[in-house]
>>> print(open('my_file-v4.pdb').read())   # PDB, C-alpha atoms, pLDDT in the B column
MODEL        1
ATOM      1  CA  MET A  91     -16.305 135.171 -14.654  1.00 55.00           C
ATOM      2  CA  ASP A  92     -18.043 132.340 -16.423  1.00 61.00           C
ATOM      3  CA  GLY A  93     -18.972 132.235 -20.127  1.00 88.00           C
ATOM      4  CA  ILE A  94     -16.575 133.664 -22.706  1.00 94.00           C
ATOM      5  CA  ARG A  95     -16.955 134.308 -26.455  1.00 95.00           C
ATOM      6  CA  CYS A  96     -14.851 136.153 -29.011  1.00 96.00           C
ATOM      7  CA  ASP A  97     -15.878 138.493 -31.843  1.00 96.00           C
ATOM      8  CA  ILE A  98     -14.192 138.656 -35.266  1.00 96.00           C
ATOM      9  CA  ALA A  99     -11.901 141.466 -34.070  1.00 96.00           C
ATOM     10  CA  GLY A 100     -10.538 139.318 -31.231  1.00 96.00           C
ATOM     11  CA  ASN A 101     -12.426 141.095 -28.436  1.00 97.00           C
ATOM     12  CA  LEU A 102     -13.593 138.861 -25.587  1.00 97.00           C
ATOM     13  CA  TYR A 103     -17.089 139.068 -24.121  1.00 97.00           C
ATOM     14  CA  VAL A 104     -17.003 137.686 -20.569  1.00 96.00           C
ATOM     15  CA  THR A 105     -20.030 137.044 -18.351  1.00 96.00           C
ATOM     16  CA  ARG A 106     -19.571 138.362 -14.806  1.00 94.00           C
ATOM     17  CA  TYR A 107     -21.574 136.030 -12.584  1.00 92.00           C
ATOM     18  CA  GLY A 108     -22.822 137.790  -9.461  1.00 92.00           C
ATOM     19  CA  LYS A 109     -22.192 141.248 -10.923  1.00 94.00           C
ATOM     20  CA  GLY A 110     -24.764 140.967 -13.715  1.00 94.00           C
ATOM     21  CA  THR A 111     -22.620 142.389 -16.490  1.00 96.00           C
ATOM     22  CA  ILE A 112     -20.788 141.405 -19.639  1.00 96.00           C
ATOM     23  CA  ALA A 113     -17.235 142.749 -19.879  1.00 96.00           C
ATOM     24  CA  LYS A 114     -15.886 143.443 -23.376  1.00 97.00           C
ATOM     25  CA  LEU A 115     -12.096 143.131 -23.356  1.00 97.00           C
ATOM     26  CA  SER A 116      -9.669 144.035 -26.144  1.00 97.00           C
ATOM     27  CA  PRO A 117      -7.121 141.461 -27.347  1.00 96.00           C
ATOM     28  CA  GLN A 118      -4.641 143.302 -25.085  1.00 97.00           C
ATOM     29  CA  GLY A 119      -6.894 142.807 -22.031  1.00 95.00           C
ATOM     30  CA  GLU A 120      -8.160 146.403 -21.796  1.00 98.00           C
ATOM     31  CA  LEU A 121     -11.754 146.810 -20.579  1.00 98.00           C
ATOM     32  CA  LEU A 122     -13.581 148.451 -23.493  1.00 98.00           C
ATOM     33  CA  LEU A 123     -17.171 148.262 -22.297  1.00 96.00           C
ATOM     34  CA  GLU A 124     -19.303 146.811 -19.534  1.00 97.00           C
ATOM     35  CA  ILE A 125     -22.894 145.910 -20.416  1.00 96.00           C
ATOM     36  CA  SER A 126     -25.431 145.763 -17.569  1.00 96.00           C
ATOM     37  CA  LEU A 127     -27.990 142.971 -17.578  1.00 95.00           C
ATOM     38  CA  LYS A 128     -31.369 142.619 -15.844  1.00 93.00           C
ATOM     39  CA  GLY A 129     -30.218 139.579 -13.859  1.00 91.00           C
ATOM     40  CA  LYS A 130     -27.160 139.164 -11.623  1.00 93.00           C
ATOM     41  CA  LYS A 131     -26.109 135.634 -12.635  1.00 93.00           C
ATOM     42  CA  PRO A 132     -25.222 135.416 -16.342  1.00 94.00           C
ATOM     43  CA  SER A 133     -23.853 131.954 -17.001  1.00 91.00           C
ATOM     44  CA  ASN A 134     -23.053 131.817 -20.711  1.00 94.00           C
ATOM     45  CA  ILE A 135     -22.951 133.916 -23.862  1.00 96.00           C
ATOM     46  CA  ALA A 136     -23.262 133.092 -27.560  1.00 95.00           C
ATOM     47  CA  PHE A 137     -23.486 135.125 -30.767  1.00 96.00           C
ATOM     48  CA  GLY A 138     -26.157 134.520 -33.387  1.00 94.00           C
ATOM     49  CA  GLY A 139     -28.868 136.020 -35.531  1.00 94.00           C
ATOM     50  CA  LYS A 140     -28.712 136.581 -39.287  1.00 94.00           C
ATOM     51  CA  ASP A 141     -25.651 138.828 -39.061  1.00 95.00           C
ATOM     52  CA  GLY A 142     -23.986 137.241 -36.003  1.00 95.00           C
ATOM     53  CA  ARG A 143     -24.280 140.509 -34.075  1.00 96.00           C
ATOM     54  CA  THR A 144     -26.880 139.485 -31.506  1.00 97.00           C
ATOM     55  CA  ALA A 145     -25.490 138.315 -28.178  1.00 96.00           C
ATOM     56  CA  PHE A 146     -27.591 135.763 -26.281  1.00 96.00           C
ATOM     57  CA  VAL A 147     -26.924 135.491 -22.549  1.00 96.00           C
ATOM     58  CA  THR A 148     -28.368 132.870 -20.202  1.00 95.00           C
ATOM     59  CA  LEU A 149     -29.345 134.233 -16.807  1.00 93.00           C
ATOM     60  CA  GLN A 150     -29.385 131.618 -14.075  1.00 88.00           C
ATOM     61  CA  ASP A 151     -31.269 133.687 -11.505  1.00 87.00           C
ATOM     62  CA  ARG A 152     -34.043 134.765 -13.889  1.00 78.00           C
ATOM     63  CA  ALA A 153     -34.319 131.536 -15.941  1.00 83.00           C
ATOM     64  CA  TYR A 154     -34.352 133.249 -19.334  1.00 89.00           C
ATOM     65  CA  LEU A 155     -32.215 134.581 -22.177  1.00 93.00           C
ATOM     66  CA  GLU A 156     -31.302 138.226 -22.444  1.00 95.00           C
ATOM     67  CA  THR A 157     -30.118 139.647 -25.767  1.00 96.00           C
ATOM     68  CA  PHE A 158     -28.264 142.727 -26.926  1.00 96.00           C
ATOM     69  CA  ARG A 159     -26.602 143.877 -30.141  1.00 97.00           C
ATOM     70  CA  VAL A 160     -22.840 144.096 -30.641  1.00 96.00           C
ATOM     71  CA  GLU A 161     -20.687 146.074 -33.056  1.00 94.00           C
ATOM     72  CA  LYS A 162     -18.871 143.131 -34.680  1.00 95.00           C
ATOM     73  CA  PRO A 163     -20.144 139.586 -35.312  1.00 95.00           C
ATOM     74  CA  GLY A 164     -19.085 136.733 -33.117  1.00 94.00           C
ATOM     75  CA  ARG A 165     -16.283 134.493 -34.308  1.00 89.00           C
ATOM     76  CA  SER A 166     -17.598 131.282 -35.814  1.00 76.00           C
ATOM     77  CA  LEU A 167     -15.973 127.893 -35.328  1.00 60.00           C
ATOM     78  CA  LYS A 168     -16.131 127.556 -39.141  1.00 59.00           C
ATOM     79  CA  GLN A 169     -13.919 130.609 -39.790  1.00 53.00           C
TER      80      GLN A 169
ENDMDL
END
>>> encode(input="my_file-v4.pdb", output="structure tokens")
Amino acid sequence: MDGIRCDIAGNLYVTRYGKGTIAKLSPQGELLLEISLKGKKPSNIAFGGKDGRTAFVTLQDRAYLETFRVEKPGRSLKQ
């Protein structure tokens, strides 16, 4: 596991380097969802876009950003 970000509900989004997925974990640690990526080496994740519901993931092995939409916005440092 590498990059980690939290949404406003307290769920963690964790990059799984080598597996090529993002694990969404509840505040209690339960695996809620696993999102498959095109690359196998995601190194970081951030939330952005106008509504904060777009996840941006850096992929080390493919040298680009992959994006996907999430249910709840990411938690901002300003909140």
>>> closest_residue(input="my_file-v4.pdb", among="A:Lys114, A:Arg159, A:Lys128, A:Lys109", to="Ala145 of chain A", atoms="all atoms listed in the file")
A:Arg159
>>> atom_distance(input="my_file-v4.pdb", atom1="atom CA of Arg95 of chain A", atom2="atom CA of Asn134 of chain A")
8.7 Å
>>> residues_around(input="my_file-v4.pdb", residues="Gln118 of chain A", least_positions_apart="2", cutoff="12 Å", atoms="only C-alpha atoms", output="ChimeraX atom specification")
/A:99-102,114-116,120-122
>>> residues_around(input="my_file-v4.pdb", residues="Lys131 of chain A", least_positions_apart="4", cutoff="10 Å", atoms="all atoms listed in the file", output="number ranges by chain")
A: 92, 105-111, 127, 147-153
>>> residues_near_point(input="my_file-v4.pdb", point="(-18.2, 133.4, -35.3)", cutoff="10 Å", atoms="only C-alpha atoms", output="NGL selection string")
:A and (95-98 or 136-138 or 141-143 or 162-169)
>>> atom_distance(input="my_file-v4.pdb", atom1="atom CA of Phe158 of chain A", atom2="atom CA of Glu124 of chain A")
12.3 Å
>>> atom_distance(input="my_file-v4.pdb", atom1="atom CA of Gly93 of chain A", atom2="atom CA of Thr144 of chain A")
15.6 Å
>>> axis_aligned_box(input="my_file-v4.pdb", around="segment 115-129 of chain A", padding_each_side="4 Å", output="lines of an AutoDock Vina configuration file")
center_x = -18.0
center_y = 144.0
center_z = -20.6
size_x = 34.7
size_y = 16.9
size_z = 21.5
>>> decode(input="my_file-v4.pdb", residues="segment 134-150 of chain A", atoms="N, CA and C atoms", output="PDB file, in the first residue's frame")
ATOM      1  N   ASN A 134       0.092   7.241  -5.865  1.00  0.00           N
ATOM      2  CA  ASN A 134      -0.549   8.241  -5.025  1.00  0.00           C
ATOM      3  C   ASN A 134      -1.961   8.482  -5.519  1.00  0.00           C
ATOM      4  N   ILE A 135      -2.772   9.084  -4.662  1.00  0.00           N
ATOM      5  CA  ILE A 135      -4.155   9.396  -4.997  1.00  0.00           C
ATOM      6  C   ILE A 135      -4.507  10.748  -4.399  1.00  0.00           C
ATOM      7  N   ALA A 136      -5.316  11.511  -5.134  1.00  0.00           N
ATOM      8  CA  ALA A 136      -5.804  12.804  -4.652  1.00  0.00           C
ATOM      9  C   ALA A 136      -7.215  12.996  -5.187  1.00  0.00           C
ATOM     10  N   PHE A 137      -8.012  13.783  -4.471  1.00  0.00           N
ATOM     11  CA  PHE A 137      -9.364  14.119  -4.917  1.00  0.00           C
ATOM     12  C   PHE A 137      -9.372  15.538  -5.455  1.00  0.00           C
ATOM     13  N   GLY A 138     -10.192  15.779  -6.476  1.00  0.00           N
ATOM     14  CA  GLY A 138     -10.280  17.123  -7.039  1.00  0.00           C
ATOM     15  C   GLY A 138     -11.477  17.249  -7.943  1.00  0.00           C
ATOM     16  N   GLY A 139     -11.397  18.209  -8.859  1.00  0.00           N
ATOM     17  CA  GLY A 139     -12.522  18.521  -9.724  1.00  0.00           C
ATOM     18  C   GLY A 139     -13.438  19.511  -9.031  1.00  0.00           C
ATOM     19  N   LYS A 140     -14.411  20.020  -9.759  1.00  0.00           N
ATOM     20  CA  LYS A 140     -15.323  21.042  -9.227  1.00  0.00           C
ATOM     21  C   LYS A 140     -16.073  20.596  -7.983  1.00  0.00           C
ATOM     22  N   ASP A 141     -16.434  19.307  -7.934  1.00  0.00           N
ATOM     23  CA  ASP A 141     -17.215  18.813  -6.793  1.00  0.00           C
ATOM     24  C   ASP A 141     -16.390  17.955  -5.833  1.00  0.00           C
ATOM     25  N   GLY A 142     -15.100  17.805  -6.087  1.00  0.00           N
ATOM     26  CA  GLY A 142     -14.231  17.010  -5.214  1.00  0.00           C
ATOM     27  C   GLY A 142     -14.442  15.513  -5.312  1.00  0.00           C
ATOM     28  N   ARG A 143     -15.190  15.075  -6.334  1.00  0.00           N
ATOM     29  CA  ARG A 143     -15.525  13.656  -6.464  1.00  0.00           C
ATOM     30  C   ARG A 143     -14.770  12.935  -7.579  1.00  0.00           C
ATOM     31  N   THR A 144     -13.724  13.561  -8.100  1.00  0.00           N
ATOM     32  CA  THR A 144     -12.873  12.899  -9.073  1.00  0.00           C
ATOM     33  C   THR A 144     -11.591  12.491  -8.373  1.00  0.00           C
ATOM     34  N   ALA A 145     -11.267  11.208  -8.451  1.00  0.00           N
ATOM     35  CA  ALA A 145     -10.018  10.705  -7.886  1.00  0.00           C
ATOM     36  C   ALA A 145      -8.970  10.704  -8.997  1.00  0.00           C
ATOM     37  N   PHE A 146      -7.791  11.222  -8.676  1.00  0.00           N
ATOM     38  CA  PHE A 146      -6.654  11.255  -9.590  1.00  0.00           C
ATOM     39  C   PHE A 146      -5.583  10.337  -9.019  1.00  0.00           C
ATOM     40  N   VAL A 147      -5.143   9.370  -9.816  1.00  0.00           N
ATOM     41  CA  VAL A 147      -4.170   8.387  -9.353  1.00  0.00           C
ATOM     42  C   VAL A 147      -2.947   8.425 -10.268  1.00  0.00           C
ATOM     43  N   THR A 148      -1.761   8.565  -9.677  1.00  0.00           N
ATOM     44  CA  THR A 148      -0.534   8.477 -10.462  1.00  0.00           C
ATOM     45  C   THR A 148      -0.162   7.007 -10.623  1.00  0.00           C
ATOM     46  N   LEU A 149       0.230   6.662 -11.840  1.00  0.00           N
ATOM     47  CA  LEU A 149       0.632   5.285 -12.133  1.00  0.00           C
ATOM     48  C   LEU A 149       2.095   5.290 -12.554  1.00  0.00           C
ATOM     49  N   GLN A 150       2.931   4.734 -11.715  1.00  0.00           N
ATOM     50  CA  GLN A 150       4.369   4.745 -11.935  1.00  0.00           C
ATOM     51  C   GLN A 150       4.775   3.956 -13.180  1.00  0.00           C
TER      52      GLN A 150
END
